[in-house]
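K.L.:
Got a structure for you, questions after.
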Amino acid sequence: MVLVEQPLPEGRDQALAGLKRPIPVCADESVHDRASLAALAGKYDAVNIKLDKTGGLTEALALVQQAALAGFTIMAGCMVATSLAMAPAMLLAQRARFVDLDGPLLLTRDRADGLRYVDSLVYPPTPALWG
């Protein structure tokens, strides 16, 4: 095991403060945007950045930069969505140590020309995805 993701509900983060742990702990529900980052210091080792929670790509990219400067390991994550929603997160994935962009795999059917998955790798969509 290399990472534990949000072991406690949002709002209970204080229980992690000063806790010695052999495995890094990643904030998920507790991180939304740059404003939420300061409250995570000393409690989490990593942050899972999702476009849906940040409000879009601009804030997500700014959060990646600020989180990295603050010493957090970056994870690029997602909600369940099609490749059209997932494709911009490929920009986050380039700066992430952990990547979980499997949202389209959880759907019965994804959009045509979407992300391509081969084993544990994900590849960008074709330009046709954008119309």
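Ligands are numbered from 1 in the order shown, chains are lettered A, B, ... in the order of the structure tokens, and residues start at 1 in each chain.
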I'd like the contact shell of range 53-62 of chain A - 9 Å cut-off, only C-alpha atoms, skipping same-chain residues fewer than 2 positions apart - returned as a ChimeraX atom specification.

P.N.:
/A:29,31-34,49-51,64-67,78,88-89,91-92

K.L.:
Can you tell me which residues surround range 112-122 of chain A at a distance of at most 10 Å, considering only C-alpha atoms, apart from same-chain residues fewer than 3 positions away, and format the answer as a PDB file with C-alpha atoms, in the first residue's frame?

P.N.:
```
ATOM      1  CA  THR A  82     -17.428  10.958 -19.564  1.00  0.00           C
ATOM      2  CA  SER A  83     -14.124  11.545 -21.282  1.00  0.00           C
ATOM      3  CA  LEU A  84     -15.266  15.037 -22.212  1.00  0.00           C
ATOM      4  CA  ALA A  85     -15.225  15.981 -18.518  1.00  0.00           C
ATOM      5  CA  MET A  86     -12.109  13.917 -17.810  1.00  0.00           C
ATOM      6  CA  ALA A  87      -9.828  15.080 -20.644  1.00  0.00           C
ATOM      7  CA  MET A  90      -4.929  15.079 -18.091  1.00  0.00           C
ATOM      8  CA  VAL A  99      -3.513   9.493 -11.061  1.00  0.00           C
ATOM      9  CA  ASP A 100      -7.065   8.143 -10.796  1.00  0.00           C
ATOM     10  CA  LEU A 101      -8.930   9.259 -13.911  1.00  0.00           C
ATOM     11  CA  ASP A 102     -11.107   6.179 -14.294  1.00  0.00           C
ATOM     12  CA  PRO A 104     -15.355   6.920 -17.957  1.00  0.00           C
ATOM     13  CA  LEU A 105     -14.631   3.270 -17.141  1.00  0.00           C
ATOM     14  CA  ARG A 109     -20.950   3.931 -22.464  1.00  0.00           C
ATOM     15  CA  PRO A 125      -8.430  11.658 -26.318  1.00  0.00           C
ATOM     16  CA  THR A 126      -8.313  12.294 -30.023  1.00  0.00           C
ATOM     17  CA  PRO A 127      -9.006  15.865 -31.190  1.00  0.00           C
ATOM     18  CA  ALA A 128     -12.392  14.648 -32.431  1.00  0.00           C
ATOM     19  CA  LEU A 129     -13.625  14.520 -28.811  1.00  0.00           C
ATOM     20  CA  TRP A 130     -13.890  18.300 -28.847  1.00  0.00           C
ATOM     21  CA  GLY A 131     -16.240  18.327 -31.832  1.00  0.00           C
TER      22      GLY A 131
END
```

K.L.:
Give me every strand (DSSP E) residue in range 8-131 of chain A, going by DSSP on the backbone, as a PyMOL selection string.

P.N.:
chain A and resi 25-27+46-50+73-77+98-99+116-118+121-123

K.L.:
Set the distance at 8 Å and use only C-alpha atoms: which residues neighbour Ser30 in chain A once local chain neighbours fewer than 3 positions away are removed? I'd like the list as a PDB file with N, CA, C and O atoms, in the first residue's frame.

P.N.:
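Written file, out.pdb:
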```pdb
ATOM      1  N   GLN A   6      -8.326   9.846   2.346  1.00  0.00           N
ATOM      2  CA  GLN A   6      -9.340  10.402   3.249  1.00  0.00           C
ATOM      3  C   GLN A   6      -9.936   9.354   4.193  1.00  0.00           C
ATOM      4  O   GLN A   6     -11.058   8.915   4.022  1.00  0.00           O
ATOM      5  N   GLU A  10     -15.030  14.385   6.105  1.00  0.00           N
ATOM      6  CA  GLU A  10     -14.696  15.806   6.054  1.00  0.00           C
ATOM      7  C   GLU A  10     -15.141  16.455   7.367  1.00  0.00           C
ATOM      8  O   GLU A  10     -16.200  16.140   7.900  1.00  0.00           O
ATOM      9  N   GLY A  11     -14.290  17.325   7.889  1.00  0.00           N
ATOM     10  CA  GLY A  11     -14.604  17.981   9.146  1.00  0.00           C
ATOM     11  C   GLY A  11     -13.972  17.315  10.356  1.00  0.00           C
ATOM     12  O   GLY A  11     -13.968  17.858  11.449  1.00  0.00           O
ATOM     13  N   ASP A  13     -10.752  16.218  10.245  1.00  0.00           N
ATOM     14  CA  ASP A  13      -9.339  16.208   9.878  1.00  0.00           C
ATOM     15  C   ASP A  13      -8.404  16.407  11.071  1.00  0.00           C
ATOM     16  O   ASP A  13      -7.284  15.917  11.065  1.00  0.00           O
ATOM     17  N   ALA A  27      -5.822  13.839   1.364  1.00  0.00           N
ATOM     18  CA  ALA A  27      -7.113  14.515   1.520  1.00  0.00           C
ATOM     19  C   ALA A  27      -7.907  14.372   0.226  1.00  0.00           C
ATOM     20  O   ALA A  27      -7.361  14.503  -0.868  1.00  0.00           O
ATOM     21  N   SER A  36      -8.980  25.969   0.839  1.00  0.00           N
ATOM     22  CA  SER A  36      -9.079  24.832   1.772  1.00  0.00           C
ATOM     23  C   SER A  36      -7.720  24.234   2.111  1.00  0.00           C
ATOM     24  O   SER A  36      -7.611  23.419   3.024  1.00  0.00           O
ATOM     25  N   LEU A  40      -5.251  21.865   5.839  1.00  0.00           N
ATOM     26  CA  LEU A  40      -4.808  20.482   5.678  1.00  0.00           C
ATOM     27  C   LEU A  40      -3.368  20.261   6.131  1.00  0.00           C
ATOM     28  O   LEU A  40      -2.953  19.120   6.330  1.00  0.00           O
TER      29      LEU A  40
END
```

K.L.:
Work out how far CA of Leu69 in chain A is from CA of Ala39 in chain A, in Å to one decimal.

P.N.:
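One can read the CA of Ala39 in chain A to CA of Leu69 in chain A distance as 15.0 Å.
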
K.L.:
Can you tell me, as a short mmCIF file (atom, residue, chain, number, x, y, z; two decimals) with all heavy atoms, in the first residue's frame, what residues are no more than 7 Å from Leu3 in chain A when counting only C-alpha atoms, ignoring any on the same chain fewer than 2 positions away?

P.N.:
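Below is the file part.cif, written as the result:
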```
data_model
loop_
_atom_site.label_atom_id
_atom_site.label_comp_id
_atom_site.auth_asym_id
_atom_site.auth_seq_id
_atom_site.Cartn_x
_atom_site.Cartn_y
_atom_site.Cartn_z
N MET A 1 0.84 -1.17 0.00
CA MET A 1 0.00 0.00 0.00
C MET A 1 0.90 1.24 0.00
O MET A 1 1.86 1.33 0.75
CB MET A 1 -0.90 -0.03 1.24
CG MET A 1 -1.93 1.05 1.20
SD MET A 1 -3.13 1.06 2.56
CE MET A 1 -3.74 -0.59 2.56
N GLU A 5 -6.47 7.16 1.18
CA GLU A 5 -7.24 8.33 0.78
C GLU A 5 -8.35 8.63 1.78
O GLU A 5 -9.19 7.78 2.07
CB GLU A 5 -7.84 8.06 -0.61
CG GLU A 5 -8.40 9.27 -1.27
CD GLU A 5 -8.86 8.98 -2.69
OE1 GLU A 5 -8.37 8.01 -3.30
OE2 GLU A 5 -9.72 9.72 -3.17
N ILE A 23 2.11 5.11 6.31
CA ILE A 23 1.62 5.27 4.94
C ILE A 23 1.09 6.70 4.78
O ILE A 23 0.35 7.18 5.63
CB ILE A 23 0.49 4.26 4.63
CG1 ILE A 23 1.02 2.83 4.81
CG2 ILE A 23 -0.07 4.46 3.24
CD1 ILE A 23 -0.06 1.78 4.81
N PRO A 24 1.45 7.41 3.71
CA PRO A 24 0.95 8.76 3.50
C PRO A 24 -0.58 8.79 3.41
O PRO A 24 -1.21 7.86 2.89
CB PRO A 24 1.57 9.18 2.16
CG PRO A 24 2.72 8.27 1.96
CD PRO A 24 2.37 6.99 2.65
N VAL A 25 -1.16 9.88 3.91
CA VAL A 25 -2.61 10.06 3.91
C VAL A 25 -2.96 11.21 2.96
O VAL A 25 -2.33 12.28 3.01
CB VAL A 25 -3.13 10.34 5.33
CG1 VAL A 25 -4.63 10.57 5.32
CG2 VAL A 25 -2.77 9.18 6.26
N CYS A 26 -3.96 10.97 2.13
CA CYS A 26 -4.35 11.93 1.09
C CYS A 26 -5.73 12.52 1.38
O CYS A 26 -6.69 11.78 1.60
CB CYS A 26 -4.38 11.20 -0.26
SG CYS A 26 -4.81 12.25 -1.66
#
```

K.L.:
Give me the residues near Ala41 in chain A as a compact mmCIF listing (two decimals) with all heavy atoms, in the first residue's frame, where near means some atom within 10 Å (using only C-alpha atoms) and where sequence neighbours in that chain fewer than 2 positions away do not count.

P.N.:
```txt
# COMPACT_ATOMS: atom_id res chain seq x y z
N ALA A 17 -3.90 15.30 12.97
CA ALA A 17 -2.80 16.20 13.33
C ALA A 17 -1.82 15.51 14.27
O ALA A 17 -2.20 14.97 15.30
CB ALA A 17 -3.34 17.46 13.98
N SER A 36 -8.98 25.97 0.84
CA SER A 36 -9.08 24.83 1.77
C SER A 36 -7.72 24.23 2.11
O SER A 36 -7.61 23.42 3.02
CB SER A 36 -9.99 23.75 1.19
OG SER A 36 -9.45 23.21 0.00
N LEU A 37 -6.68 24.64 1.42
CA LEU A 37 -5.36 24.01 1.55
C LEU A 37 -4.70 24.24 2.91
O LEU A 37 -4.15 23.30 3.51
CB LEU A 37 -4.45 24.51 0.43
CG LEU A 37 -3.25 23.68 0.08
CD1 LEU A 37 -3.64 22.26 -0.29
CD2 LEU A 37 -2.49 24.33 -1.05
N ALA A 38 -4.76 25.43 3.44
CA ALA A 38 -4.07 25.75 4.70
C ALA A 38 -4.54 24.87 5.85
O ALA A 38 -3.74 24.46 6.69
CB ALA A 38 -4.27 27.22 5.05
N ALA A 39 -5.81 24.53 5.89
CA ALA A 39 -6.36 23.71 6.98
C ALA A 39 -5.87 22.26 6.93
O ALA A 39 -6.04 21.52 7.89
CB ALA A 39 -7.89 23.75 6.94
N LYS A 43 -1.83 17.57 8.64
CA LYS A 43 -2.83 16.50 8.77
C LYS A 43 -2.77 15.52 7.60
O LYS A 43 -3.05 14.34 7.76
CB LYS A 43 -4.23 17.11 8.86
CG LYS A 43 -4.39 18.04 10.05
CD LYS A 43 -5.73 18.76 9.99
CE LYS A 43 -5.79 19.80 11.07
NZ LYS A 43 -5.55 21.14 10.60
N TYR A 44 -2.44 16.03 6.44
CA TYR A 44 -2.38 15.20 5.23
C TYR A 44 -1.03 15.35 4.56
O TYR A 44 -0.37 16.38 4.68
CB TYR A 44 -3.48 15.62 4.24
CG TYR A 44 -4.87 15.28 4.72
CD1 TYR A 44 -5.65 16.23 5.37
CD2 TYR A 44 -5.40 14.01 4.53
CE1 TYR A 44 -6.92 15.92 5.81
CE2 TYR A 44 -6.66 13.70 4.97
CZ TYR A 44 -7.42 14.66 5.61
OH TYR A 44 -8.68 14.35 6.05
N ASP A 45 -0.65 14.32 3.83
CA ASP A 45 0.61 14.32 3.08
C ASP A 45 0.38 14.62 1.61
O ASP A 45 1.29 15.04 0.91
CB ASP A 45 1.28 12.94 3.20
CG ASP A 45 1.41 12.52 4.66
OD1 ASP A 45 2.13 13.20 5.40
OD2 ASP A 45 0.77 11.53 5.05
N ALA A 46 -0.84 14.37 1.14
CA ALA A 46 -1.17 14.52 -0.27
C ALA A 46 -2.56 15.11 -0.40
O ALA A 46 -3.35 15.08 0.55
CB ALA A 46 -1.11 13.15 -0.97
N ALA A 67 -0.34 23.66 -3.84
CA ALA A 67 -0.20 22.45 -3.02
C ALA A 67 1.23 21.91 -3.12
O ALA A 67 1.82 21.50 -2.12
CB ALA A 67 -1.21 21.40 -3.46
N ALA A 70 3.52 23.91 -1.09
CA ALA A 70 3.30 23.66 0.34
C ALA A 70 3.81 22.29 0.77
O ALA A 70 3.71 21.94 1.94
CB ALA A 70 1.82 23.80 0.66
N GLY A 71 4.33 21.51 -0.18
CA GLY A 71 4.91 20.22 0.16
C GLY A 71 3.97 19.03 0.07
O GLY A 71 4.33 17.92 0.48
N PHE A 72 2.78 19.23 -0.45
CA PHE A 72 1.85 18.12 -0.61
C PHE A 72 2.16 17.33 -1.87
O PHE A 72 2.52 17.90 -2.90
CB PHE A 72 0.40 18.63 -0.73
CG PHE A 72 -0.17 19.18 0.54
CD1 PHE A 72 -0.23 20.55 0.75
CD2 PHE A 72 -0.65 18.34 1.53
CE1 PHE A 72 -0.76 21.08 1.91
CE2 PHE A 72 -1.18 18.86 2.70
CZ PHE A 72 -1.24 20.23 2.89
```

K.L.:
Which residue gives the smallest distance to Pro9 in chain A among A:Leu106, A:Arg97, A:Thr73, A:Asp28, with only C-alpha atoms counted?

P.N.:
A:Asp28

K.L.:
List every residue of chain A that DSSP, applied to the backbone, labels as helix (DSSP H, G or I), and write the result as a PyMOL selection string.

P.N.:
chain A and resi 13-16+34-40+51-54+57-69+83-86+89-93+103-106+127-130

K.L.:
How about saving the chosen residues, N, CA and C atoms kept, as a compact mmCIF listing (two decimals), in the first residue's frame?

P.N.:
```
# COMPACT_ATOMS: atom_id res chain seq x y z
N ASP A 13 -10.75 16.22 10.24
CA ASP A 13 -9.34 16.21 9.88
C ASP A 13 -8.40 16.41 11.07
N GLN A 14 -8.85 17.11 12.08
CA GLN A 14 -8.01 17.42 13.23
C GLN A 14 -7.48 16.15 13.90
N ALA A 15 -8.21 15.05 13.79
CA ALA A 15 -7.77 13.78 14.40
C ALA A 15 -6.47 13.28 13.79
N LEU A 16 -6.12 13.77 12.60
CA LEU A 16 -4.89 13.34 11.93
C LEU A 16 -3.67 14.18 12.32
N ARG A 34 -7.90 26.37 -3.41
CA ARG A 34 -6.74 26.88 -2.69
C ARG A 34 -7.09 27.34 -1.28
N ALA A 35 -8.29 27.85 -1.07
CA ALA A 35 -8.70 28.32 0.25
C ALA A 35 -8.76 27.18 1.27
N SER A 36 -8.98 25.97 0.84
CA SER A 36 -9.08 24.83 1.77
C SER A 36 -7.72 24.23 2.11
N LEU A 37 -6.68 24.64 1.42
CA LEU A 37 -5.36 24.01 1.55
C LEU A 37 -4.70 24.24 2.91
N ALA A 38 -4.76 25.43 3.44
CA ALA A 38 -4.07 25.75 4.70
C ALA A 38 -4.54 24.87 5.85
N ALA A 39 -5.81 24.53 5.89
CA ALA A 39 -6.36 23.71 6.98
C ALA A 39 -5.87 22.26 6.93
N LEU A 40 -5.25 21.87 5.84
CA LEU A 40 -4.81 20.48 5.68
C LEU A 40 -3.37 20.26 6.13
N LEU A 51 -11.41 18.23 -10.75
CA LEU A 51 -11.97 19.40 -11.43
C LEU A 51 -13.36 19.74 -10.90
N ASP A 52 -14.16 18.73 -10.63
CA ASP A 52 -15.52 18.96 -10.14
C ASP A 52 -15.53 19.73 -8.82
N LYS A 53 -14.57 19.45 -7.97
CA LYS A 53 -14.54 20.10 -6.65
C LYS A 53 -13.90 21.48 -6.70
N THR A 54 -12.98 21.71 -7.62
CA THR A 54 -12.31 23.00 -7.68
C THR A 54 -13.13 24.04 -8.44
N LEU A 57 -10.84 23.95 -14.42
CA LEU A 57 -9.43 23.76 -14.71
C LEU A 57 -8.53 24.88 -14.18
N THR A 58 -8.98 26.13 -14.27
CA THR A 58 -8.14 27.25 -13.84
C THR A 58 -7.79 27.13 -12.35
N GLU A 59 -8.80 26.91 -11.51
CA GLU A 59 -8.54 26.77 -10.07
C GLU A 59 -7.78 25.49 -9.78
N ALA A 60 -8.07 24.42 -10.50
CA ALA A 60 -7.36 23.16 -10.27
C ALA A 60 -5.87 23.30 -10.54
N LEU A 61 -5.51 23.98 -11.63
CA LEU A 61 -4.09 24.18 -11.94
C LEU A 61 -3.41 25.07 -10.90
N ALA A 62 -4.12 26.09 -10.43
CA ALA A 62 -3.57 26.96 -9.38
C ALA A 62 -3.41 26.17 -8.08
N LEU A 63 -4.35 25.29 -7.78
CA LEU A 63 -4.28 24.46 -6.59
C LEU A 63 -3.11 23.48 -6.67
N VAL A 64 -2.88 22.90 -7.83
CA VAL A 64 -1.73 22.01 -8.01
C VAL A 64 -0.44 22.76 -7.67
N GLN A 65 -0.31 23.95 -8.20
CA GLN A 65 0.91 24.72 -7.97
C GLN A 65 1.08 25.08 -6.49
N GLN A 66 0.03 25.58 -5.87
CA GLN A 66 0.12 25.98 -4.46
C GLN A 66 0.33 24.77 -3.55
N ALA A 67 -0.34 23.66 -3.84
CA ALA A 67 -0.20 22.45 -3.02
C ALA A 67 1.23 21.91 -3.12
N ALA A 68 1.79 21.91 -4.32
CA ALA A 68 3.16 21.43 -4.49
C ALA A 68 4.14 22.32 -3.72
N LEU A 69 3.95 23.63 -3.79
CA LEU A 69 4.81 24.55 -3.05
C LEU A 69 4.70 24.35 -1.54
N SER A 83 -15.45 11.06 -20.89
CA SER A 83 -14.12 11.54 -21.28
C SER A 83 -14.11 13.04 -21.56
N LEU A 84 -15.23 13.60 -21.96
CA LEU A 84 -15.27 15.04 -22.21
C LEU A 84 -14.99 15.82 -20.92
N ALA A 85 -15.49 15.35 -19.80
CA ALA A 85 -15.22 15.98 -18.52
C ALA A 85 -13.85 15.61 -17.98
N MET A 86 -13.36 14.44 -18.34
CA MET A 86 -12.11 13.92 -17.81
C MET A 86 -10.87 14.45 -18.54
N ALA A 89 -8.46 17.02 -17.12
CA ALA A 89 -7.70 16.56 -15.96
C ALA A 89 -6.38 15.92 -16.36
N MET A 90 -6.21 15.61 -17.62
CA MET A 90 -4.93 15.08 -18.09
C MET A 90 -3.82 16.11 -17.86
N LEU A 91 -4.18 17.40 -17.86
CA LEU A 91 -3.20 18.45 -17.56
C LEU A 91 -2.75 18.38 -16.10
N LEU A 92 -3.67 18.05 -15.20
CA LEU A 92 -3.30 17.87 -13.79
C LEU A 92 -2.42 16.64 -13.63
N ALA A 93 -2.76 15.60 -14.36
CA ALA A 93 -2.05 14.32 -14.24
C ALA A 93 -0.56 14.46 -14.54
N GLY A 103 -13.07 7.64 -14.30
CA GLY A 103 -14.50 7.94 -14.38
C GLY A 103 -15.22 7.35 -15.58
N PRO A 104 -14.67 7.48 -16.79
CA PRO A 104 -15.35 6.92 -17.96
C PRO A 104 -15.49 5.39 -17.92
N LEU A 105 -14.57 4.74 -17.22
CA LEU A 105 -14.63 3.27 -17.14
C LEU A 105 -15.80 2.79 -16.30
N LEU A 106 -16.37 3.67 -15.50
CA LEU A 106 -17.47 3.30 -14.63
C LEU A 106 -18.83 3.52 -15.29
N PRO A 127 -8.43 14.53 -31.02
CA PRO A 127 -9.01 15.87 -31.19
C PRO A 127 -10.51 15.84 -31.52
N ALA A 128 -10.98 14.75 -32.08
CA ALA A 128 -12.39 14.65 -32.43
C ALA A 128 -13.32 14.71 -31.21
N LEU A 129 -12.81 14.44 -30.02
CA LEU A 129 -13.62 14.52 -28.81
C LEU A 129 -14.22 15.91 -28.65
N TRP A 130 -13.48 16.91 -29.06
CA TRP A 130 -13.89 18.30 -28.85
C TRP A 130 -14.89 18.80 -29.89
```

K.L.:
Report the distance between CA of Gln94 in chain A and CA of Gly42 in chain A in Å, rounded to one decimal place.

P.N.:
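Separation of CA of Gln94 in chain A and CA of Gly42 in chain A: 25.2 Å.
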